[in-house]
>>> print(open('final33.txt').read())   # compact mmCIF, C-alpha atoms and all ligand atoms
# COMPACT_ATOMS: atom_id res chain seq x y z
CA MET G 325 98.87 84.59 89.94
CA GLU G 326 101.45 87.17 90.77
CA ARG G 327 103.22 86.33 93.97
CA GLU G 328 103.64 88.99 96.55
CA ALA G 329 105.40 87.05 99.30
CA VAL G 330 105.89 83.66 100.86
CA LEU G 331 104.96 83.47 104.54
CA VAL G 332 105.22 80.82 107.22
CA GLY G 333 103.02 80.25 110.26
CA ILE G 334 103.85 77.93 113.16
CA ASP G 335 101.19 77.00 115.72
CA VAL G 336 102.86 75.41 118.73
CA GLY G 337 99.82 73.82 120.39
CA THR G 338 99.41 71.52 123.36
CA SER G 339 98.52 68.51 121.23
CA LYS G 340 100.24 69.31 117.94
CA VAL G 341 102.72 71.59 116.22
CA CYS G 342 101.64 72.77 112.78
CA ALA G 343 103.87 74.59 110.29
CA LEU G 344 102.32 76.08 107.17
CA ILE G 345 103.97 77.71 104.17
CA GLY G 346 101.71 80.00 102.19
CA GLU G 347 101.99 82.23 99.20
CA VAL G 348 100.20 85.57 99.19
CA SER G 349 99.14 86.95 95.81
CA ARG G 350 99.03 90.63 94.93
CA ASP G 351 95.27 90.61 95.47
CA GLY G 352 95.73 89.17 98.96
CA ARG G 353 94.75 85.55 98.26
CA LEU G 354 96.47 82.85 100.25
CA THR G 355 97.67 79.59 98.69
CA ILE G 356 99.06 76.86 100.93
CA MET G 357 102.25 75.33 99.53
CA GLY G 358 103.52 73.31 102.44
CA HIS G 359 102.08 71.76 105.57
CA GLY G 360 103.61 69.75 108.40
CA THR G 361 101.71 68.70 111.51
CA VAL G 362 103.23 66.48 114.21
CA PRO G 363 102.03 65.53 117.69
CA ALA G 364 103.46 67.75 120.43
CA SER G 365 104.67 66.41 123.74
CA GLY G 366 106.67 69.20 125.36
CA LEU G 367 103.79 71.51 126.22
CA LYS G 368 101.26 71.74 128.98
CA LYS G 369 98.19 73.95 128.52
CA GLY G 370 99.89 75.89 125.75
CA VAL G 371 103.14 76.51 127.63
CA VAL G 372 106.54 74.93 126.93
CA ILE G 373 107.52 72.63 129.79
CA ASN G 374 110.15 70.59 127.95
CA ILE G 375 112.54 72.41 125.63
CA ASP G 376 114.05 69.36 123.87
CA GLN G 377 110.72 67.76 123.06
CA THR G 378 109.27 71.04 121.82
CA VAL G 379 112.31 71.79 119.65
CA ARG G 380 112.02 68.34 118.12
CA SER G 381 108.29 68.78 117.38
CA ILE G 382 108.86 72.19 115.78
CA ALA G 383 111.82 70.93 113.74
CA ASP G 384 109.80 67.90 112.55
CA ALA G 385 106.79 70.00 111.54
CA VAL G 386 109.05 72.48 109.74
CA GLU G 387 110.92 69.72 107.93
CA ARG G 388 107.70 68.13 106.69
CA ALA G 389 106.37 71.43 105.40
CA GLU G 390 109.69 72.08 103.67
CA ARG G 391 109.79 68.66 102.03
CA LEU G 392 106.24 69.02 100.76
CA SER G 393 106.75 72.50 99.33
CA GLY G 394 110.38 72.53 98.26
CA TRP G 395 110.83 75.79 100.18
CA LYS G 396 113.28 76.39 102.97
CA ILE G 397 111.74 77.85 106.13
CA ASP G 398 113.83 80.66 107.43
CA ARG G 399 111.38 82.76 109.46
CA ALA G 400 107.81 82.47 110.65
CA PHE G 401 104.85 84.03 112.40
CA VAL G 402 104.57 82.09 115.64
CA GLY G 403 101.51 81.71 117.85
CA VAL G 404 101.59 82.31 121.60
CA GLY G 405 99.15 80.54 123.94
CA GLY G 406 98.85 79.76 127.62
CA GLN G 407 97.02 81.10 130.62
CA HIS G 408 99.72 83.71 131.21
CA VAL G 409 98.33 85.76 128.30
CA GLU G 410 96.49 88.83 129.60
CA SER G 411 95.06 91.99 128.15
CA LEU G 412 94.08 95.51 129.16
CA ASN G 413 92.72 98.58 127.47
CA SER G 414 94.56 101.83 127.75
CA ARG G 415 93.98 105.37 126.53
CA GLY G 416 96.57 107.91 125.57
CA GLN G 417 95.89 111.60 125.16
CA VAL G 418 98.06 114.31 123.62
CA ALA G 419 97.70 117.91 122.50
CA VAL G 420 97.82 118.17 118.73
CA THR G 421 101.00 119.89 117.56
CA ALA G 422 100.33 123.62 117.62
CA HIS G 423 101.65 124.06 114.08
CA HIS G 424 98.60 123.54 111.89
CA ARG G 425 96.24 122.17 114.49
CA GLU G 426 95.86 119.21 112.17
CA VAL G 427 96.42 115.63 113.35
CA THR G 428 99.65 114.21 111.95
CA ARG G 429 101.17 110.73 112.10
CA GLU G 430 103.50 112.01 114.72
CA ASP G 431 100.58 113.02 116.94
CA VAL G 432 99.09 109.56 116.51
CA ASN G 433 102.37 107.90 117.42
CA ARG G 434 102.76 110.09 120.47
CA ALA G 435 99.24 109.23 121.63
CA ILE G 436 100.00 105.53 121.23
CA GLU G 437 103.22 105.93 123.19
CA VAL G 438 101.23 107.52 126.01
CA ALA G 439 98.67 104.68 125.93
CA ARG G 440 101.49 102.16 125.96
CA ALA G 441 103.16 103.82 128.91
CA VAL G 442 100.74 102.19 131.41
CA SER G 443 102.69 100.36 134.04
CA ILE G 444 103.36 96.86 132.81
CA PRO G 445 105.53 94.76 135.13
CA SER G 446 108.99 93.96 133.81
CA ASN G 447 108.23 90.25 133.89
CA ARG G 448 105.64 90.75 131.11
CA ASP G 449 106.20 91.17 127.38
CA VAL G 450 103.89 93.35 125.30
CA LEU G 451 102.76 91.25 122.35
CA HIS G 452 100.24 93.62 120.76
CA VAL G 453 99.15 97.23 120.97
CA GLU G 454 96.02 97.23 118.81
CA ARG G 455 94.51 100.63 118.18
CA ARG G 456 90.76 100.50 118.75
CA GLY G 457 89.78 104.01 117.78
CA PHE G 458 90.38 107.68 118.34
CA THR G 459 88.62 110.52 120.10
CA VAL G 460 89.20 113.89 118.50
CA ASP G 461 88.30 116.92 120.64
CA GLY G 462 85.78 114.81 122.53
CA GLN G 463 84.28 113.25 119.40
CA GLU G 464 84.44 109.49 119.91
CA GLY G 465 84.53 106.74 117.33
CA VAL G 466 87.00 108.23 114.86
CA LYS G 467 88.77 105.49 112.91
CA ASP G 468 91.29 107.62 111.06
CA PRO G 469 92.08 111.03 112.54
CA LEU G 470 94.86 111.98 110.11
CA GLY G 471 94.34 115.46 108.70
CA MET G 472 91.47 116.34 111.04
CA SER G 473 91.54 119.77 112.66
CA ALA G 474 91.81 119.33 116.40
CA LEU G 475 93.33 120.47 119.64
CA ARG G 476 93.26 117.15 121.47
CA LEU G 477 93.78 113.62 120.23
CA GLU G 478 93.02 110.52 122.25
CA VAL G 479 93.66 106.92 121.20
CA GLU G 480 92.15 103.83 122.73
CA THR G 481 94.34 100.74 122.58
CA HIS G 482 94.00 97.07 123.44
CA ILE G 483 97.27 95.78 124.86
CA VAL G 484 98.03 92.07 125.01
CA THR G 485 100.83 90.93 127.30
CA ALA G 486 102.39 87.58 128.12
CA SER G 487 104.78 86.17 130.70
CA ALA G 488 108.29 87.14 129.60
CA THR G 489 109.76 83.80 130.61
CA ALA G 490 107.07 81.74 128.87
CA VAL G 491 107.69 83.80 125.71
CA GLN G 492 111.44 83.33 126.08
CA ASN G 493 111.10 79.57 126.34
CA LEU G 494 108.95 79.48 123.22
CA THR G 495 111.34 81.78 121.36
CA LYS G 496 114.25 79.59 122.42
CA CYS G 497 112.56 76.49 121.01
CA VAL G 498 111.76 78.16 117.69
CA ALA G 499 115.34 79.44 117.40
CA ALA G 500 116.78 76.04 118.25
CA ALA G 501 114.66 74.57 115.44
CA GLY G 502 116.45 76.95 113.09
CA VAL G 503 113.64 79.46 112.55
CA LYS G 504 113.67 83.22 113.10
CA ILE G 505 110.52 84.96 114.30
CA ASP G 506 108.75 87.50 112.10
CA GLU G 507 106.23 88.26 114.80
CA LEU G 508 104.72 86.59 117.84
CA VAL G 509 100.93 86.57 117.55
CA VAL G 510 98.61 85.57 120.35
CA ASP G 511 96.70 82.41 119.29
CA SER G 512 93.23 83.88 119.70
CA LEU G 513 93.91 86.84 117.41
CA ALA G 514 95.38 84.48 114.81
CA SER G 515 92.30 82.23 114.97
CA ALA G 516 90.12 85.33 114.69
CA GLU G 517 91.81 86.14 111.37
CA ALA G 518 90.85 82.70 110.09
CA VAL G 519 87.21 82.49 111.16
CA LEU G 520 85.72 85.94 111.85
CA SER G 521 84.28 88.26 109.24
CA GLU G 522 84.77 92.01 109.33
CA THR G 523 81.02 92.42 109.83
CA GLU G 524 81.02 90.16 112.87
CA LYS G 525 83.92 92.09 114.38
CA GLU G 526 82.07 95.37 113.84
CA LEU G 527 78.84 94.05 115.38
CA GLY G 528 80.46 92.42 118.39
CA VAL G 529 81.60 88.81 118.49
CA ALA G 530 83.75 86.37 120.45
CA VAL G 531 86.05 83.72 119.05
CA ALA G 532 86.69 80.76 121.35
CA ASP G 533 89.35 78.38 120.03
CA ILE G 534 88.90 75.23 122.11
CA GLY G 535 92.12 73.27 121.84
CA ALA G 536 93.44 70.32 123.81
CA GLY G 537 94.63 72.23 126.87
CA THR G 538 93.23 75.73 126.58
CA ILE G 539 90.52 77.98 125.22
CA ASP G 540 91.95 80.98 123.39
CA LEU G 541 89.37 83.71 123.71
CA ALA G 542 89.13 87.11 122.03
CA LEU G 543 86.19 89.53 122.12
CA PHE G 544 85.68 92.09 119.37
CA GLN G 545 83.56 95.19 119.03
CA ASP G 546 83.63 98.07 116.53
CA GLY G 547 86.06 96.09 114.40
CA SER G 548 88.81 95.47 116.95
CA PRO G 549 89.62 93.29 119.95
CA PHE G 550 88.84 94.57 123.45
CA HIS G 551 89.33 91.49 125.61
CA THR G 552 91.85 88.66 125.18
CA ARG G 553 92.17 85.74 127.59
CA VAL G 554 93.23 82.12 127.75
CA LEU G 555 91.19 79.71 129.87
CA PRO G 556 93.03 76.61 131.12
CA VAL G 557 90.55 73.98 129.91
CA GLY G 558 90.05 72.12 126.64
CA GLY G 559 89.37 68.82 124.92
CA ALA G 560 91.98 66.98 126.97
CA ASN G 561 89.89 67.61 130.10
CA VAL G 562 86.93 65.95 128.40
CA THR G 563 89.03 62.94 127.42
CA ASN G 564 90.45 62.70 130.93
CA ASP G 565 87.01 62.67 132.48
CA VAL G 566 85.93 59.86 130.15
CA ALA G 567 89.08 57.85 130.99
CA ILE G 568 88.52 58.26 134.72
CA GLY G 569 84.76 57.72 134.58
CA LEU G 570 84.98 54.54 132.51
CA LYS G 571 88.36 53.34 133.81
CA THR G 572 89.97 53.24 130.38
CA SER G 573 93.27 54.48 129.02
CA ILE G 574 93.50 58.01 127.60
CA GLN G 575 93.80 56.56 124.08
CA VAL G 576 90.60 54.56 124.41
CA ALA G 577 88.79 57.50 125.98
CA GLU G 578 89.92 59.79 123.15
CA GLU G 579 88.58 57.37 120.55
CA LEU G 580 85.29 56.89 122.39
CA LYS G 581 84.89 60.65 122.62
CA ILE G 582 85.69 61.41 118.98
CA MET G 583 83.90 58.43 117.38
CA HIS G 584 80.84 58.11 119.62
CA GLY G 585 80.59 61.03 122.03
CA THR G 586 78.13 63.89 121.87
CA CYS G 587 77.05 66.82 124.04
CA ASP G 588 73.49 66.29 122.88
CA LEU G 589 72.03 63.60 125.12
CA ARG G 590 68.63 63.74 123.43
CA GLN G 591 70.19 61.99 120.42
CA ILE G 592 71.01 58.85 122.36
CA ASP G 593 69.12 55.66 122.84
CA GLU G 594 69.36 54.53 126.46
CA ASP G 595 70.56 51.01 125.74
CA GLU G 596 73.00 51.85 122.99
CA GLN G 597 76.30 50.06 123.63
CA ILE G 598 79.70 50.73 122.07
CA SER G 599 82.31 48.02 121.82
CA VAL G 600 85.67 49.22 123.06
CA SER G 601 88.61 48.64 120.77
CA VAL G 602 92.28 49.01 121.58
CA LEU G 603 94.59 49.72 118.64
CA GLY G 604 91.83 48.66 116.28
CA GLU G 605 91.35 45.33 118.06
CA ASP G 606 88.09 44.53 119.81
CA ALA G 607 88.87 44.58 123.54
CA GLY G 608 85.86 42.42 124.40
CA ARG G 609 84.20 45.12 126.49
CA THR G 610 81.25 47.37 125.86
CA VAL G 611 80.31 50.71 127.38
CA SER G 612 77.07 52.61 127.34
CA ARG G 613 77.06 55.44 124.80
CA LEU G 614 74.78 57.40 127.10
CA GLU G 615 77.27 57.09 129.95
CA VAL G 616 80.16 58.28 127.75
CA SER G 617 78.13 61.22 126.54
CA GLN G 618 76.86 62.18 129.97
CA ILE G 619 80.47 62.58 131.09
CA ILE G 620 81.25 64.62 127.97
CA GLU G 621 78.15 66.77 128.31
CA ALA G 622 78.88 67.57 131.96
CA ARG G 623 82.42 68.71 131.25
CA MET G 624 81.43 70.71 128.17
CA ARG G 625 78.59 72.38 130.06
CA GLU G 626 81.06 73.43 132.74
CA THR G 627 83.44 74.65 130.03
CA PHE G 628 80.74 76.80 128.43
CA GLU G 629 79.82 78.14 131.87
CA LEU G 630 83.42 79.27 132.34
CA LEU G 631 83.25 80.90 128.95
CA ARG G 632 79.97 82.62 129.83
CA ASN G 633 81.43 83.96 133.09
CA GLU G 634 84.51 85.23 131.30
CA ILE G 635 82.42 87.02 128.66
CA ARG G 636 80.28 88.57 131.39
CA ALA G 637 83.36 89.61 133.36
CA ALA G 638 84.63 91.40 130.26
CA GLY G 639 81.75 93.77 130.85
CA VAL G 640 80.13 93.29 127.49
CA GLY G 641 76.41 93.84 127.35
CA MET G 642 75.70 91.93 124.19
CA LEU G 643 77.61 90.19 121.43
CA PRO G 644 75.15 90.48 118.54
CA ALA G 645 77.20 88.15 116.32
CA GLY G 646 77.51 85.67 119.18
CA VAL G 647 80.31 83.22 119.87
CA ILE G 648 82.26 81.51 117.11
CA LEU G 649 83.72 78.22 118.26
CA THR G 650 86.79 76.79 116.59
CA GLY G 651 89.79 74.63 117.56
CA GLY G 652 89.93 70.82 117.52
CA ALA G 653 87.57 70.29 120.43
CA SER G 654 84.82 72.44 118.87
CA GLN G 655 84.17 69.45 116.59
CA LEU G 656 82.56 67.48 119.39
CA ALA G 657 79.05 66.55 118.24
CA GLY G 658 76.41 68.86 119.69
CA ALA G 659 78.93 71.48 120.88
CA ALA G 660 77.20 74.41 119.17
CA GLU G 661 73.77 73.37 120.52
CA LEU G 662 75.02 73.06 124.10
CA GLY G 663 76.97 76.31 123.71
CA ARG G 664 73.81 78.12 122.60
CA GLU G 665 71.88 76.77 125.58
CA VAL G 666 74.50 77.79 128.16
CA LEU G 667 75.69 81.05 126.62
CA GLN G 668 72.23 82.23 125.54
CA MET G 669 73.75 83.63 122.35
CA PRO G 670 74.11 82.61 118.72
CA VAL G 671 76.88 79.98 118.53
CA ARG G 672 78.40 78.31 115.49
CA VAL G 673 81.46 76.19 114.76
CA ALA G 674 83.84 77.60 112.17
CA ALA G 675 86.85 76.35 110.23
CA PRO G 676 89.32 78.23 108.03
CA ALA G 677 87.91 79.09 104.60
CA GLY G 678 88.83 81.02 101.48
CA ILE G 679 92.32 79.60 101.06
CA GLY G 680 93.71 77.68 98.09
CA GLY G 681 96.45 75.13 97.41
CA LEU G 682 97.13 72.17 99.68
CA VAL G 683 94.06 72.62 101.82
CA ASP G 684 92.48 69.16 102.07
CA THR G 685 93.11 68.63 105.78
CA LEU G 686 93.34 72.31 106.69
CA LEU G 687 89.68 73.27 106.28
CA ASN G 688 89.14 71.96 109.79
CA PRO G 689 88.70 73.86 113.07
CA SER G 690 91.98 72.40 114.42
CA TYR G 691 93.91 74.54 111.95
CA SER G 692 92.36 77.96 112.58
CA THR G 693 95.37 79.26 114.51
CA ALA G 694 97.93 78.05 111.94
CA VAL G 695 95.98 79.38 108.95
CA GLY G 696 95.21 82.58 110.87
CA LEU G 697 98.92 83.19 111.46
CA LEU G 698 99.43 83.26 107.68
CA GLN G 699 96.44 85.55 107.25
CA TRP G 700 97.79 87.84 109.96
CA GLY G 701 101.03 88.04 108.00
CA ALA G 702 99.16 88.59 104.75
CA SER G 703 97.16 91.49 106.17
CA ALA G 704 100.40 93.03 107.39
CA LEU G 705 101.46 93.02 103.76
CA ALA G 706 98.14 94.44 102.60
CA VAL G 707 98.72 97.68 104.47
CA GLY G 708 102.40 97.80 103.59
CA GLU G 709 104.67 98.32 100.70
CA PRO G 710 105.24 94.86 99.29
CA ASN G 711 108.46 95.69 97.50
CA ARG G 712 110.01 96.70 100.75
CA TYR G 713 109.14 93.35 102.23
CA GLU G 714 110.53 91.27 99.37
CA SER G 715 113.81 93.12 99.56
CA ALA G 716 113.80 93.35 103.34
CA PRO G 717 117.30 92.63 104.61
CA ALA G 718 117.92 89.58 106.78
CA GLY G 719 117.14 90.48 110.35
CA GLY G 720 114.59 93.05 109.23
CA GLY G 721 111.51 91.21 108.15
CA ILE G 722 107.86 91.65 108.20
CA GLY G 723 107.29 91.81 111.94
CA ARG G 724 109.24 94.96 112.33
CA LEU G 725 107.97 96.15 108.97
CA ARG G 726 104.42 95.69 110.15
CA ASP G 727 105.12 97.93 113.12
CA ALA G 728 106.82 100.45 110.88
CA ILE G 729 103.89 100.37 108.49
CA ARG G 730 101.40 100.74 111.27
CA ASN G 731 103.19 103.80 112.45
CA ILE G 732 102.88 105.25 108.99
CA PHE G 733 99.29 104.15 108.39
CA PRO G 734 97.50 104.01 111.73
N1 LIG N 801 86.42 65.08 115.79
C1 LIG N 801 86.66 65.51 117.03
N2 LIG N 801 85.66 65.53 117.94
C2 LIG N 801 85.89 65.95 119.19
N3 LIG N 801 87.07 66.39 119.64
C3 LIG N 801 88.09 66.40 118.78
C4 LIG N 801 87.95 65.97 117.44
N4 LIG N 801 89.15 66.11 116.82
C5 LIG N 801 90.01 66.60 117.73
N5 LIG N 801 89.38 66.78 118.91
C6 LIG N 801 89.97 67.28 120.16
O1 LIG N 801 90.60 68.51 119.89
C7 LIG N 801 91.70 68.71 120.78
C8 LIG N 801 92.89 69.22 119.99
O2 LIG N 801 92.54 70.45 119.42
P1 LIG N 801 93.63 71.42 118.80
O3 LIG N 801 94.41 70.70 117.76
O4 LIG N 801 92.94 72.66 118.40
O5 LIG N 801 94.55 71.67 120.09
P2 LIG N 801 95.97 72.39 120.27
O6 LIG N 801 96.01 73.61 119.43
O7 LIG N 801 97.05 71.40 120.10
O8 LIG N 801 95.92 72.76 121.82
P3 LIG N 801 95.88 74.18 122.56
O9 LIG N 801 95.28 75.17 121.63
O10 LIG N 801 95.05 73.91 123.76
O11 LIG N 801 97.29 74.46 122.90
C9 LIG N 801 91.95 67.38 121.47
O12 LIG N 801 91.52 67.47 122.81
C10 LIG N 801 91.07 66.40 120.69
O13 LIG N 801 90.52 65.41 121.53
MG MG N 802 95.48 75.65 119.69
>>> encode(input="final33.txt", output="C-alpha cells")
Amino acid sequence: MEREAVLVGIDVGTSKVCALIGEVSRDGRLTIMGHGTVPASGLKKGVVINIDQTVRSIADAVERAERLSGWKIDRAFVGVGGQHVESLNSRGQVAVTAHHREVTREDVNRAIEVARAVSIPSNRDVLHVERRGFTVDGQEGVKDPLGMSALRLEVETHIVTASATAVQNLTKCVAAAGVKIDELVVDSLASAEAVLSETEKELGVAVADIGAGTIDLALFQDGSPFHTRVLPVGGANVTNDVAIGLKTSIQVAEELKIMHGTCDLRQIDEDEQISVSVLGEDAGRTVSRLEVSQIIEARMRETFELLRNEIRAAGVGMLPAGVILTGGASQLAGAAELGREVLQMPVRVAAPAGIGGLVDTLLNPSYSTAVGLLQWGASALAVGEPNRYESAPAGGGIGRLRDAIRNIFP
C-alpha cells in the first residue's frame, strides 16, 4: 500500500478522550496505526470546564496512541462539541465577471465571501462554510458552475459557528498537550463522515450521535448538511435517572443500564430480578429489571421526542433515509425500535466501517466521531494535491490546505 499521508484525529468527549493515528493510502483507504482512549473528567456536556484535567486526558490519550504506533503526534484534526454550536444557511449572489460571461473560480470565491458576510457576532467563531449548491441565472441545483455561461451566480452555504471562548478553551487544552490543530471539525459532521453513505446524504438523512452529555445532530439533503445542532442530553442523563430512581451510585446505575437495561419493555418478564454488584462483588440487593428499564425507556422516549422536535423545527418535510443513530449511548438495547416509534422514520444504529489496521475496539458507535475526524482529513486530501501536503511546511498543514484546495476546486 502506498502511503499518502499520516493523519491524527482527537475526539474530546464528555466521557472520554480518544486519539487516533491513521494512514491514508493513495486510493483513499484508511488504516489505523495508533489508538489511545482515556476517561475524560474536565468536560461538561462537551465543553471544557477544567483546563488541567482536560489537558491531562488529551496528553494521556495522545501518549497511548503514540506508544502503540511508534509515531509522534504533532498535529491533529480536533472535534468540537457542546450546545454552543449553531448553524445557519446563507446565500451569496454576485454578477459574473463581464469578461467572458463564464463562471470562474474567482466568481465562486466572491459569492462565498458574500454568503459568509452575514452578520455573525464577534463572540462566535466560524467553524465551517459548507457550500450546498449554486444557482446560475435562476437555475437551481447546480453542483459545479465552473465554466458555465452566466450573468448571475448564487451560492448557498451552510455555516457552522461556535462560541469563541469555548473554542479557545479547547484550543488551549490541545496546545498545552503539545498538539497543533490541523482543523477544528464539529463532532456531528465528523460522525457523519464515519456512518453516512453518499446516497443517504443525497436522499435526506440525519445523523444523531448520542454521547454521554450531548446529542450531536446534523441533517443532510442533496449531499450536504443544512442543519447542525447539539442537544444537551445523552447517556449520562439515563444513568442519572437510574441512580436516582433506584437510589444507587452512578457506577452501579451505569452497570445496570449497560448490562441489563433496555428501551424495549415488551422483552421483559415482570418478575425478573437483577442482583446488584459493586466492583464485581455481590452487594446482596436485587432490583427489578422492569423497573430499571422503565426508567431508561422514559428518558430515552423523552430524548427521541427532543430529537423529533428539533428535526421538525429544522423545517424538513421528510428524511427519506431516516435517522442514523451512533455514539456510545445508541448501543442501549431497543434504542432503534423506540426511535422508530417516536420519530416515525426509519432508524438504525451505525458504527464506523471500512477501515483497516488496529480496529478491534473501534468498530463501535462510541468511536464514530474519532474515526470520522480521520475520514474528514482523508477526504480533504482526496480533493487536494497530496505532494503539497506531504511537503507542507510546519505551520501550514492540511487545515489551511483544505481551505486553499476548496477555493481552487469548489
Ligand atoms: N453498551 C452500552 N449500552 C448503553 N449505553 C452505553 C453502552 N456503552 C456506552 N454507553 C453510554 O454511552 C455514553 C458514552 O458515549 P460516547 O463515548 O459516545 O460519549 P462522549 O463522546 O464521551 O460524550 P459527548 O459526545 O456527549 O461529549 C455513556 O453515557 C455510556 O453510558
Ligand atoms: Mg461524542
>>> residues_around(input="final33.txt", residues="Glu454 of chain G", least_positions_apart="2", cutoff="8 Å", atoms="all atoms listed in the file", output="PDB file with C-alpha atoms, in the frame of the given file")
ATOM      1  CA  HIS G 452     100.240  93.620 120.760  1.00  0.00           C
ATOM      2  CA  ARG G 456      90.760 100.500 118.750  1.00  0.00           C
ATOM      3  CA  THR G 481      94.340 100.740 122.580  1.00  0.00           C
ATOM      4  CA  HIS G 482      94.000  97.070 123.440  1.00  0.00           C
ATOM      5  CA  ILE G 483      97.270  95.780 124.860  1.00  0.00           C
ATOM      6  CA  SER G 548      88.810  95.470 116.950  1.00  0.00           C
ATOM      7  CA  PRO G 549      89.620  93.290 119.950  1.00  0.00           C
TER       8      PRO G 549
END
>>> closest_residue(input="final33.txt", among="G:Ser512, G:Leu686, G:Trp700, G:Val554", to="Gly360 of chain G", atoms="all atoms listed in the file")
G:Leu686
>>> atom_distance(input="final33.txt", atom1="atom CA of Leu555 of chain G", atom2="atom CA of Pro445 of chain G")
21.4 Å
>>> closest_atom_pairs(input="final33.txt", of="chain G", to="ligand MG 802 (chain N)", cutoff="12 Å", atoms="all atoms listed in the file", output="tab-separated table")
residue	atom	partner	partner_atom	distance
G:Ile334	CA	N:MG802	MG	10.9
G:Asp335	CA	N:MG802	MG	7.1
G:Val336	CA	N:MG802	MG	7.4
G:Gly337	CA	N:MG802	MG	4.8
G:Thr338	CA	N:MG802	MG	6.8
G:Ser339	CA	N:MG802	MG	7.9
G:Lys340	CA	N:MG802	MG	8.1
G:Val341	CA	N:MG802	MG	9.0
G:Cys342	CA	N:MG802	MG	9.7
G:Ala364	CA	N:MG802	MG	11.3
G:Leu367	CA	N:MG802	MG	11.4
G:Lys368	CA	N:MG802	MG	11.6
G:Lys369	CA	N:MG802	MG	9.4
G:Gly370	CA	N:MG802	MG	7.5
G:Val371	CA	N:MG802	MG	11.1
G:Val402	CA	N:MG802	MG	11.9
G:Gly403	CA	N:MG802	MG	8.7
G:Val404	CA	N:MG802	MG	9.2
G:Gly405	CA	N:MG802	MG	7.4
G:Gly406	CA	N:MG802	MG	9.5
G:Val510	CA	N:MG802	MG	10.4
G:Asp511	CA	N:MG802	MG	6.9
G:Ser512	CA	N:MG802	MG	8.5
G:Leu513	CA	N:MG802	MG	11.5
G:Ala514	CA	N:MG802	MG	10.1
G:Ser515	CA	N:MG802	MG	8.7
G:Ala532	CA	N:MG802	MG	10.3
G:Asp533	CA	N:MG802	MG	6.7
G:Ile534	CA	N:MG802	MG	7.0
G:Gly535	CA	N:MG802	MG	4.6
G:Ala536	CA	N:MG802	MG	7.0
G:Gly537	CA	N:MG802	MG	8.0
G:Thr538	CA	N:MG802	MG	7.2
G:Ile539	CA	N:MG802	MG	7.8
G:Asp540	CA	N:MG802	MG	7.4
G:Leu541	CA	N:MG802	MG	10.9
G:Val554	CA	N:MG802	MG	10.6
G:Leu555	CA	N:MG802	MG	11.8
G:Pro556	CA	N:MG802	MG	11.7
G:Val557	CA	N:MG802	MG	11.5
G:Gly558	CA	N:MG802	MG	9.5
G:Gly559	CA	N:MG802	MG	10.6
G:Ala560	CA	N:MG802	MG	11.8
G:Thr650	CA	N:MG802	MG	9.3
G:Gly651	CA	N:MG802	MG	6.2
G:Gly652	CA	N:MG802	MG	7.7
G:Ala653	CA	N:MG802	MG	9.6
G:Ser654	CA	N:MG802	MG	11.2
G:Pro689	CA	N:MG802	MG	9.6
G:Ser690	CA	N:MG802	MG	7.1
G:Tyr691	CA	N:MG802	MG	8.0
G:Ser692	CA	N:MG802	MG	8.1
G:Thr693	CA	N:MG802	MG	6.3
G:Ala694	CA	N:MG802	MG	8.5
G:Val695	CA	N:MG802	MG	11.4
G:Gly696	CA	N:MG802	MG	11.2
G:Leu697	CA	N:MG802	MG	11.7
>>> atom_distance(input="final33.txt", atom1="atom CA of Thr627 of chain G", atom2="atom CA of Lys571 of chain G")
22.2 Å
>>> atom_distance(input="final33.txt", atom1="atom CA of Glu524 of chain G", atom2="atom CA of His551 of chain G")
15.3 Å
>>> residues_around(input="final33.txt", residues="Leu527 of chain G", least_positions_apart="6", cutoff="7 Å", atoms="all atoms listed in the file", output="list of chain:residue names")
G:Gln545, G:Asp546, G:Pro644, G:Ala645
>>> axis_aligned_box(input="final33.txt", around="ligand LIG 801 (chain N)", padding_each_side="5 Å", output="JSON")
{"center_x": 91.5, "center_y": 70.1, "center_z": 119.8, "size_x": 21.6, "size_y": 20.1, "size_z": 18.0}
>>> closest_residue(input="final33.txt", among="G:Val491, G:Val386, G:Ala329, G:Val372", to="Val409 of chain G", atoms="all atoms listed in the file")
G:Val491
>>> residues_around(input="final33.txt", residues="Ile582 of chain G", least_positions_apart="3", cutoff="9 Å", atoms="all atoms listed in the file", output="ChimeraX atom specification")
/G:577-579,585-586,655-657
>>> closest_residue(input="final33.txt", among="G:Val509, G:Cys587, G:Leu570, G:Val418", to="Asp431 of chain G", atoms="all atoms listed in the file")
G:Val418
>>> residues_around(input="final33.txt", residues="Asp588 of chain G", least_positions_apart="3", cutoff="10 Å", atoms="all atoms listed in the file", output="PDB file with C-alpha atoms, keeping the file's coordinate frame")
ATOM      1  CA  GLY G 585      80.590  61.030 122.030  1.00  0.00           C
ATOM      2  CA  GLN G 591      70.190  61.990 120.420  1.00  0.00           C
ATOM      3  CA  ILE G 592      71.010  58.850 122.360  1.00  0.00           C
ATOM      4  CA  LEU G 614      74.780  57.400 127.100  1.00  0.00           C
ATOM      5  CA  SER G 617      78.130  61.220 126.540  1.00  0.00           C
ATOM      6  CA  GLN G 618      76.860  62.180 129.970  1.00  0.00           C
ATOM      7  CA  ILE G 620      81.250  64.620 127.970  1.00  0.00           C
ATOM      8  CA  GLU G 621      78.150  66.770 128.310  1.00  0.00           C
ATOM      9  CA  LEU G 656      82.560  67.480 119.390  1.00  0.00           C
ATOM     10  CA  ALA G 657      79.050  66.550 118.240  1.00  0.00           C
ATOM     11  CA  GLY G 658      76.410  68.860 119.690  1.00  0.00           C
ATOM     12  CA  ALA G 659      78.930  71.480 120.880  1.00  0.00           C
ATOM     13  CA  ALA G 660      77.200  74.410 119.170  1.00  0.00           C
ATOM     14  CA  GLU G 661      73.770  73.370 120.520  1.00  0.00           C
ATOM     15  CA  LEU G 662      75.020  73.060 124.100  1.00  0.00           C
TER      16      LEU G 662
END
>>> closest_residue(input="final33.txt", among="G:Asp376, G:Asp565, G:Glu665, G:Glu437", to="ligand LIG 801 (chain N)", atoms="all atoms listed in the file")
G:Asp565
>>> closest_residue(input="final33.txt", among="G:Ala441, G:Leu494, G:Val562, G:Val647", to="Lys525 of chain G", atoms="all atoms listed in the file")
G:Val647
>>> residues_around(input="final33.txt", residues="Ser573 of chain G", least_positions_apart="4", cutoff="10 Å", atoms="only C-alpha atoms", output="ChimeraX atom specification")
/G:563-564,566-568,577-578,602
